[in-house]
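Novice: My structure is in input_14.cif, and what it holds is mmCIF, C-alpha atoms and all ligand atoms:
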data_my_file
loop_
_atom_site.label_atom_id
_atom_site.label_comp_id
_atom_site.auth_asym_id
_atom_site.auth_seq_id
_atom_site.Cartn_x
_atom_site.Cartn_y
_atom_site.Cartn_z
CA MET A 1 -10.94 -10.43 18.25
CA THR A 2 -14.06 -8.58 17.21
CA ASN A 3 -14.65 -7.45 13.64
CA PHE A 4 -17.05 -4.48 13.68
CA ASP A 5 -18.29 -3.77 10.16
CA ALA A 6 -21.45 -2.27 8.70
CA LEU A 7 -21.14 -4.44 5.55
CA THR A 8 -21.63 -1.59 3.14
CA TYR A 9 -21.35 -2.41 -0.57
CA ALA A 10 -17.55 -2.79 0.08
CA GLY A 11 -17.88 -5.21 3.01
CA ASN A 12 -17.89 -8.90 2.18
CA ARG A 13 -18.12 -11.57 4.83
CA ASP A 14 -17.14 -14.11 2.19
CA ASN A 15 -13.55 -12.82 2.63
CA LEU A 16 -13.34 -14.06 6.22
CA LEU A 17 -14.90 -17.51 5.94
CA ASP A 18 -11.65 -19.13 7.07
CA VAL A 19 -11.83 -17.45 10.51
CA GLU A 20 -15.62 -17.45 10.99
CA GLY A 21 -15.55 -20.71 12.94
CA ASP A 22 -12.72 -19.68 15.26
CA ASP A 23 -13.76 -19.18 18.92
CA ARG A 24 -11.39 -16.22 19.20
CA TYR A 25 -13.25 -14.34 16.46
CA ALA A 26 -16.56 -12.48 16.72
CA PHE A 27 -18.42 -10.46 14.14
CA GLU A 28 -20.64 -7.45 14.88
CA ARG A 29 -22.61 -5.94 12.04
CA ALA A 30 -22.97 -2.28 13.00
CA ASP A 31 -22.19 1.23 11.85
CA ILE A 32 -19.35 3.23 13.41
CA ALA A 33 -21.50 6.35 12.95
CA ASP A 34 -23.97 4.80 15.45
CA ALA A 35 -22.58 5.94 18.82
CA GLU A 36 -24.84 3.61 20.80
CA ALA A 37 -23.69 0.51 18.87
CA VAL A 38 -20.05 1.56 19.13
CA GLY A 39 -20.40 2.11 22.90
CA ARG A 40 -22.13 -1.24 23.41
CA VAL A 41 -19.42 -3.20 21.57
CA MET A 42 -16.54 -1.20 23.04
CA ALA A 43 -17.80 -2.15 26.52
CA LYS A 44 -16.59 -5.71 25.84
CA GLY A 45 -13.08 -4.34 26.52
CA PHE A 46 -10.16 -4.46 24.06
CA ASP A 47 -6.34 -4.35 24.18
CA VAL A 48 -6.22 -2.48 20.91
CA VAL A 49 -8.70 -0.90 18.52
CA VAL A 50 -7.73 -0.48 14.85
CA ASN A 51 -10.03 1.71 12.79
CA PHE A 52 -9.98 0.47 9.20
CA ALA A 53 -13.66 1.26 8.57
CA ALA A 54 -14.15 3.94 5.96
CA GLU A 55 -15.80 5.07 2.82
CA SER A 56 -12.67 4.70 0.74
CA HIS A 57 -13.35 5.27 -2.94
CA VAL A 58 -12.40 8.75 -4.19
CA ASP A 59 -14.76 8.64 -7.19
CA ARG A 60 -17.75 7.93 -4.94
CA SER A 61 -16.80 10.84 -2.68
CA LEU A 62 -17.41 13.25 -5.56
CA TYR A 63 -21.07 12.19 -5.70
CA ASP A 64 -21.88 11.67 -2.02
CA PRO A 65 -19.51 13.61 0.27
CA ALA A 66 -21.99 13.51 3.18
CA ARG A 67 -21.63 9.73 3.47
CA PHE A 68 -17.87 10.19 3.72
CA VAL A 69 -18.21 12.81 6.47
CA ARG A 70 -20.55 10.51 8.38
CA THR A 71 -18.29 7.44 8.37
CA ASN A 72 -14.79 8.91 8.14
CA VAL A 73 -15.27 11.81 10.56
CA LEU A 74 -18.25 11.10 12.81
CA GLY A 75 -17.48 7.37 12.87
CA ALA A 76 -13.85 8.00 13.83
CA GLN A 77 -15.00 10.41 16.54
CA ASN A 78 -17.43 7.81 17.97
CA LEU A 79 -14.73 5.15 18.09
CA LEU A 80 -12.20 7.49 19.71
CA GLU A 81 -14.70 8.69 22.29
CA ALA A 82 -15.93 5.20 23.19
CA ALA A 83 -12.40 3.77 23.32
CA ARG A 84 -11.24 6.64 25.52
CA SER A 85 -14.11 6.25 27.95
CA GLN A 86 -13.42 2.49 28.19
CA GLY A 87 -9.70 3.14 28.78
CA VAL A 88 -8.59 1.14 25.70
CA PRO A 89 -4.77 1.14 25.96
CA ARG A 90 -4.00 1.55 22.24
CA PHE A 91 -5.86 2.94 19.25
CA VAL A 92 -4.58 2.78 15.67
CA GLN A 93 -6.25 5.08 13.14
CA ILE A 94 -5.75 3.91 9.55
CA SER A 95 -5.28 7.04 7.48
CA THR A 96 -3.89 7.51 3.97
CA ASP A 97 -1.12 9.26 2.03
CA GLU A 98 -3.89 11.14 0.21
CA VAL A 99 -4.15 13.51 3.20
CA TYR A 100 -0.91 15.14 1.99
CA GLY A 101 -2.37 16.19 -1.37
CA SER A 102 -0.31 16.05 -4.56
CA LEU A 103 3.46 16.07 -5.20
CA GLY A 104 5.39 17.55 -8.13
CA PRO A 105 7.92 15.38 -9.97
CA GLU A 106 10.44 15.51 -7.11
CA GLY A 107 10.42 14.78 -3.36
CA LYS A 108 8.43 12.58 -1.01
CA PHE A 109 5.87 13.08 1.73
CA THR A 110 7.25 12.75 5.25
CA GLU A 111 5.17 12.58 8.41
CA THR A 112 5.67 16.34 8.92
CA THR A 113 4.49 17.38 5.44
CA PRO A 114 1.49 19.72 5.92
CA LEU A 115 -1.86 18.15 5.07
CA ALA A 116 -3.50 19.45 1.88
CA PRO A 117 -6.20 16.96 0.84
CA SER A 118 -7.83 17.38 -2.59
CA SER A 119 -11.01 15.24 -2.58
CA PRO A 120 -13.93 14.84 -0.18
CA TYR A 121 -12.48 11.36 0.54
CA SER A 122 -9.04 12.63 1.51
CA ALA A 123 -10.46 15.68 3.36
CA THR A 124 -12.62 13.43 5.54
CA LYS A 125 -9.71 11.04 6.12
CA ALA A 126 -7.58 14.03 7.13
CA ALA A 127 -10.30 15.06 9.60
CA GLY A 128 -10.36 11.57 11.18
CA ASP A 129 -6.56 11.48 11.28
CA LEU A 130 -6.30 14.91 12.96
CA LEU A 131 -9.10 14.11 15.40
CA ALA A 132 -7.18 11.01 16.47
CA LEU A 133 -4.00 13.05 17.00
CA ALA A 134 -6.01 15.67 18.89
CA PHE A 135 -7.24 12.93 21.27
CA PHE A 136 -3.59 12.21 22.05
CA LYS A 137 -2.61 15.86 22.49
CA THR A 138 -5.70 16.93 24.42
CA PHE A 139 -6.56 13.87 26.48
CA GLY A 140 -3.33 11.84 26.43
CA PHE A 141 -5.34 9.05 24.74
CA PRO A 142 -2.81 6.56 23.25
CA VAL A 143 -3.39 6.96 19.54
CA ILE A 144 -1.13 6.06 16.59
CA VAL A 145 -1.87 7.05 12.98
CA THR A 146 -0.73 5.14 9.87
CA ARG A 147 -0.69 6.85 6.46
CA SER A 148 -0.24 4.27 3.75
CA SER A 149 0.07 4.47 0.00
CA ASN A 150 -2.18 2.70 -2.52
CA ASN A 151 -2.79 -0.93 -1.55
CA TYR A 152 -3.42 -3.79 -3.94
CA GLY A 153 -3.67 -7.56 -3.72
CA PRO A 154 -6.14 -10.44 -3.30
CA TYR A 155 -9.74 -9.73 -2.21
CA GLN A 156 -9.62 -6.04 -3.18
CA PHE A 157 -13.04 -4.73 -4.18
CA PRO A 158 -13.08 -4.43 -8.00
CA GLU A 159 -13.82 -0.70 -8.08
CA LYS A 160 -10.15 0.07 -7.29
CA LEU A 161 -7.76 0.44 -10.23
CA ILE A 162 -5.88 -2.88 -10.22
CA PRO A 163 -8.75 -5.34 -9.57
CA LEU A 164 -11.02 -3.31 -11.89
CA CYS A 165 -8.49 -3.62 -14.71
CA ILE A 166 -7.85 -7.31 -14.03
CA SER A 167 -11.53 -8.08 -13.99
CA ASN A 168 -12.24 -6.03 -17.17
CA ALA A 169 -9.26 -7.56 -18.98
CA MET A 170 -10.46 -11.08 -18.09
CA GLU A 171 -13.74 -10.30 -19.82
CA GLY A 172 -12.09 -8.55 -22.80
CA LYS A 173 -13.64 -5.21 -21.71
CA ASN A 174 -11.93 -1.81 -22.02
CA LEU A 175 -9.69 -0.58 -19.20
CA PRO A 176 -10.54 3.04 -18.32
CA VAL A 177 -7.46 5.19 -17.63
CA TYR A 178 -7.90 8.74 -16.36
CA GLY A 179 -6.34 11.67 -18.26
CA ASP A 180 -2.93 10.93 -19.80
CA GLY A 181 -2.28 7.96 -17.48
CA MET A 182 0.77 9.68 -16.03
CA ASN A 183 -0.57 9.97 -12.46
CA VAL A 184 2.00 8.28 -10.24
CA ARG A 185 1.14 6.11 -7.23
CA ASP A 186 3.43 4.32 -4.78
CA TRP A 187 2.03 0.76 -4.81
CA LEU A 188 1.97 -1.25 -1.58
CA PHE A 189 1.18 -4.97 -1.53
CA VAL A 190 -1.57 -5.56 1.03
CA GLU A 191 0.43 -8.14 3.05
CA ASP A 192 3.24 -5.62 3.50
CA ASN A 193 0.72 -3.12 4.84
CA CYS A 194 -0.72 -5.73 7.23
CA GLU A 195 2.77 -6.43 8.58
CA ALA A 196 3.36 -2.71 9.05
CA ILE A 197 0.05 -2.21 10.87
CA LEU A 198 0.74 -5.17 13.16
CA ALA A 199 4.22 -3.85 14.01
CA ILE A 200 2.80 -0.37 14.65
CA ALA A 201 -0.04 -1.72 16.81
CA GLU A 202 2.41 -3.78 18.87
CA LYS A 203 5.46 -1.53 19.11
CA GLY A 204 4.74 1.90 17.61
CA ARG A 205 5.13 5.00 19.77
CA VAL A 206 1.83 6.56 20.84
CA GLY A 207 1.06 10.04 19.54
CA GLU A 208 3.09 9.32 16.40
CA VAL A 209 2.29 9.13 12.70
CA TYR A 210 3.93 6.45 10.52
CA ASN A 211 4.03 6.57 6.72
CA VAL A 212 3.75 3.14 5.08
CA GLY A 213 4.93 3.26 1.46
CA GLY A 214 5.51 0.44 -1.00
CA GLY A 215 8.64 2.04 -2.47
CA CYS A 216 7.16 1.23 -5.92
CA GLU A 217 6.39 4.45 -7.78
CA VAL A 218 4.72 3.70 -11.11
CA PRO A 219 2.63 5.86 -13.50
CA ASN A 220 -0.84 4.33 -13.88
CA ILE A 221 -0.37 3.65 -17.59
CA GLU A 222 2.86 1.69 -16.96
CA LEU A 223 1.17 -0.28 -14.21
CA ILE A 224 -1.71 -1.22 -16.49
CA LYS A 225 0.62 -2.22 -19.34
CA ALA A 226 2.59 -4.45 -16.94
CA MET A 227 -0.65 -6.03 -15.77
CA LEU A 228 -1.78 -6.68 -19.35
CA ARG A 229 1.59 -8.32 -20.11
CA GLU A 230 1.14 -10.51 -17.02
CA MET A 231 -2.30 -11.53 -18.31
CA ASN A 232 -1.26 -11.93 -21.96
CA LYS A 233 -3.86 -9.37 -23.00
CA PRO A 234 -3.46 -6.65 -25.67
CA GLU A 235 -2.75 -2.98 -24.89
CA SER A 236 -5.59 -2.10 -27.26
CA LEU A 237 -7.95 -2.66 -24.29
CA ILE A 238 -6.67 0.60 -22.74
CA THR A 239 -9.14 3.48 -23.13
CA PHE A 240 -8.28 6.99 -21.95
CA VAL A 241 -11.19 8.76 -20.23
CA THR A 242 -11.67 12.39 -19.08
CA ASP A 243 -9.56 13.07 -16.01
CA ARG A 244 -11.16 13.08 -12.56
CA PRO A 245 -11.58 16.59 -11.09
CA GLY A 246 -8.97 17.25 -8.38
CA HIS A 247 -6.96 14.18 -9.48
CA ASP A 248 -3.64 14.26 -7.57
CA ARG A 249 -0.66 13.95 -9.89
CA ARG A 250 1.87 12.09 -7.81
CA TYR A 251 2.14 10.43 -4.39
CA ALA A 252 5.40 9.11 -2.96
CA LEU A 253 6.01 8.27 0.66
CA ASP A 254 9.14 8.42 2.77
CA SER A 255 8.70 5.46 5.16
CA SER A 256 12.18 5.70 6.70
CA LYS A 257 10.73 6.45 10.17
CA LEU A 258 8.93 3.11 10.20
CA THR A 259 12.05 1.29 8.97
CA ARG A 260 14.29 3.03 11.51
CA GLU A 261 12.01 2.59 14.52
CA LEU A 262 10.34 -0.76 13.88
CA GLY A 263 12.56 -2.44 11.28
CA TRP A 264 9.74 -2.67 8.72
CA SER A 265 10.30 -2.43 5.01
CA PRO A 266 8.15 -3.71 2.14
CA ARG A 267 9.05 -7.21 0.93
CA VAL A 268 6.91 -7.53 -2.19
CA GLY A 269 7.95 -5.52 -5.25
CA ILE A 270 5.50 -4.51 -7.96
CA SER A 271 6.35 -7.36 -10.38
CA GLU A 272 5.85 -10.08 -7.79
CA GLY A 273 2.82 -8.28 -6.30
CA LEU A 274 1.11 -7.92 -9.68
CA ARG A 275 1.88 -11.54 -10.56
CA ARG A 276 0.38 -12.75 -7.26
CA THR A 277 -2.66 -10.49 -7.62
CA VAL A 278 -3.40 -11.53 -11.21
CA GLU A 279 -2.95 -15.17 -10.17
CA TRP A 280 -5.35 -14.78 -7.23
CA PHE A 281 -8.07 -13.18 -9.34
CA SER A 282 -7.63 -15.81 -12.05
CA GLN A 283 -7.99 -18.60 -9.51
CA ASN A 284 -10.93 -16.98 -7.73
CA ARG A 285 -13.27 -16.15 -10.57
CA GLY A 286 -16.23 -17.31 -8.47
CA TRP A 287 -15.41 -14.67 -5.83
CA LEU A 288 -15.13 -11.99 -8.49
CA GLU A 289 -18.35 -13.08 -10.16
CA ARG A 290 -20.26 -12.99 -6.84
CA VAL A 291 -18.96 -9.48 -6.12
CA ARG A 292 -19.68 -8.15 -9.60
CA SER A 293 -23.19 -9.59 -9.66
CA GLY A 294 -24.02 -8.59 -6.06
CA ALA A 295 -24.45 -12.27 -5.14
CA TYR A 296 -21.79 -11.94 -2.42
CA ARG A 297 -24.61 -10.54 -0.29
CA ASP A 298 -26.33 -13.97 -0.32
CA PHE A 299 -23.22 -16.13 -0.29
CA TYR A 300 -22.84 -16.13 3.48
CA GLU A 301 -26.45 -17.14 3.95
CA GLN A 302 -26.08 -20.01 1.48
CA HIS A 303 -22.87 -21.10 3.16
CA TYR A 304 -24.06 -20.88 6.77
CA GLY A 305 -27.80 -21.22 6.35
CA ARG A 306 -28.43 -17.97 8.22
CA LYS A 307 -28.57 -14.30 7.32
CA LEU A 308 -25.65 -11.93 7.73
N1 LIG B 1 -7.18 0.77 -0.38
C1 LIG B 1 -6.16 1.60 -0.31
O1 LIG B 1 -5.35 1.70 -1.24
C2 LIG B 1 -5.93 2.43 0.94
C3 LIG B 1 -4.77 3.23 1.01
C4 LIG B 1 -4.55 3.97 2.18
C5 LIG B 1 -5.44 3.91 3.22
N2 LIG B 1 -6.57 3.16 3.10
C6 LIG B 1 -7.51 3.10 4.24
O2 LIG B 1 -7.55 1.75 4.68
C7 LIG B 1 -8.84 1.45 5.21
C8 LIG B 1 -9.42 0.24 4.50
O3 LIG B 1 -9.49 0.53 3.10
P1 LIG B 1 -10.13 -0.50 2.08
O4 LIG B 1 -9.55 -0.18 0.75
O5 LIG B 1 -10.06 -1.88 2.62
O6 LIG B 1 -11.66 0.00 2.09
P2 LIG B 1 -12.97 -0.70 1.52
O7 LIG B 1 -13.84 0.42 1.06
O8 LIG B 1 -12.62 -1.79 0.56
O9 LIG B 1 -13.62 -1.38 2.81
C9 LIG B 1 -14.15 -0.58 3.83
C10 LIG B 1 -14.74 -1.47 4.92
O10 LIG B 1 -15.29 -0.61 5.92
C11 LIG B 1 -16.63 -1.00 6.16
N3 LIG B 1 -17.40 0.21 6.50
C12 LIG B 1 -17.67 1.27 5.69
N4 LIG B 1 -18.42 2.19 6.35
C13 LIG B 1 -18.62 1.68 7.60
C14 LIG B 1 -19.31 2.17 8.74
N5 LIG B 1 -19.96 3.34 8.72
N6 LIG B 1 -19.31 1.41 9.87
C15 LIG B 1 -18.66 0.22 9.90
N7 LIG B 1 -18.00 -0.29 8.84
C16 LIG B 1 -17.98 0.44 7.70
C17 LIG B 1 -17.12 -1.64 4.86
O11 LIG B 1 -18.23 -2.49 5.07
C18 LIG B 1 -15.86 -2.38 4.42
O12 LIG B 1 -15.73 -3.65 5.05
C19 LIG B 1 -9.66 2.72 5.03
O13 LIG B 1 -9.64 3.43 6.23
C20 LIG B 1 -8.93 3.48 3.92
O14 LIG B 1 -9.16 4.87 4.02
C21 LIG B 1 -6.84 2.39 1.99
#
Show me, as structure tokens, the structure contained in the file I just sent.
Specialist:
Amino acid sequence: MTNFDALTYAGNRDNLLDVEGDDRYAFERADIADAEAVGRVMAKGFDVVVNFAAESHVDRSLYDPARFVRTNVLGAQNLLEAARSQGVPRFVQISTDEVYGSLGPEGKFTETTPLAPSSPYSATKAAGDLLALAFFKTFGFPVIVTRSSNNYGPYQFPEKLIPLCISNAMEGKNLPVYGDGMNVRDWLFVEDNCEAILAIAEKGRVGEVYNVGGGCEVPNIELIKAMLREMNKPESLITFVTDRPGHDRRYALDSSKLTRELGWSPRVGISEGLRRTVEWFSQNRGWLERVRSGAYRDFYEQHYGRKL
């Protein structure tokens, strides 16, 4: 298996120390927007390519949309093109439920809901997603797209809502909550998503889109209160901040296609998932500290005695 990653601010080799020594694992530090690098690595030959690489943080996309276009659109195009020319037999494009835009109080997104992205992040993810499907329709290239809801769990970079709140609460800092806190997300524990992606990569039908939802719809404010209870911290840490422009109100995914076709359903509910996530961050304060201070960039070098 080859892990191809540019190690942007969000990439952290510290997370994969347990597989670094395995002969079956190789790491390539390169940018998916670099067609030459993608072509060189793709020439090694693969049974399946899964494109997780992305600029993924909506807030950052408001300040630097061009970076999102480069990675999420051009990068996806480079991977698709190189994989197609090498005859890779399966390509999984990791997309997001954010491509569907925002829901009212009722209903769920299905795989046939029209795409209506709201942010530069979701618009560029929609472009990558549609490009992948176009490679199937135009060239018969065997692509599958997954659209998952909000992930959370161990190792998540602490700019995303749950690890940010855990890490702030640990330090007694305020927890910023956008608007009235009533934006609803459908939370998916990361291990459930990994199981879904594996099942899709192995047995999914090519040319298809699969929604992957956690079946756990919770307003942000309720989620944060539950997390504070789990941590024994006071609700007075919650601070409401001005809402993000274009902030989608509600996401909810209908994942019945994935359940019907591949027998997948999420196993970890929000209470267990939050408990496990809080526990992980509490037991891995060194990891969190290295990420927050930027020292994770040097950790690999200290550990292995060579640069990343
Ligand atoms: N986190 C979520 O809740 C969520 C939900 C739905 C879909 N997704 C999608 O899942 C995927 C992974 O999300 P994440 O939250 O782990 O993201 P992340 O931002 O935490 O990590 C992104 C990874 O991609 C790498 N990367 C970024 N730009 C690159 C480039 N140009 N070339 C090579 N590597 C590059 C980074 O170094 C990092 O390792 C993304 O495609 C994202 O859009 C995430």
Novice: Residues at most 12 Å from Gly179 (chain A), counting only C-alpha atoms, excluding those fewer than 4 positions away in the same chain, as an MDAnalysis selection string?
Specialist: chainID A and resid 183 219:221 238:249
Novice: Using only C-alpha atoms and all ligand atoms, find each residue with an atom at most 7 Å away from ligand LIG 1 (chain B) and format the answer as JSON, numbers by chain.
Specialist: {"A": [4, 5, 6, 7, 8, 9, 10, 11, 12, 30, 31, 32, 33, 51, 52, 53, 54, 55, 56, 57, 71, 75, 94, 95, 96, 97, 125, 147, 148, 149, 150, 151, 152, 156, 157]}
Novice: Using all atoms listed in the file, tabulate the residues of region 160-234 of chain A lying at most 7 Å from any atom of region 265-275 of chain A, each with its closest atom pair and that distance in Å to one decimal, by chain and increasing residue number, as a tab-separated table.
Specialist:
residue	atom	partner	partner_atom	distance
A:Phe189	CA	A:Gly273	CA	6.0
A:Asp192	CA	A:Pro266	CA	5.4
A:Gly214	CA	A:Pro266	CA	5.8
A:Cys216	CA	A:Ile270	CA	6.3
A:Met227	CA	A:Leu274	CA	6.6
A:Glu230	CA	A:Arg275	CA	6.6
Novice: For each of A:Ala132, A:Leu253, A:Leu80, A:Ile224, take the minimum atom-to-atom distance to Ala169 (chain A), counting only C-alpha atoms, then give the residue where this is smallest.
Specialist: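 Of A:Ala132, A:Leu253, A:Leu80, A:Ile224, the one nearest Ala169 (chain A), counting only C-alpha atoms, is A:Ile224.
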Novice: Would you work out the distance separating CA of Glu98 (chain A) from CA of Ser118 (chain A), expressed in Å to one decimal?
Specialist: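 Interatomic distance here is 7.9 Å.
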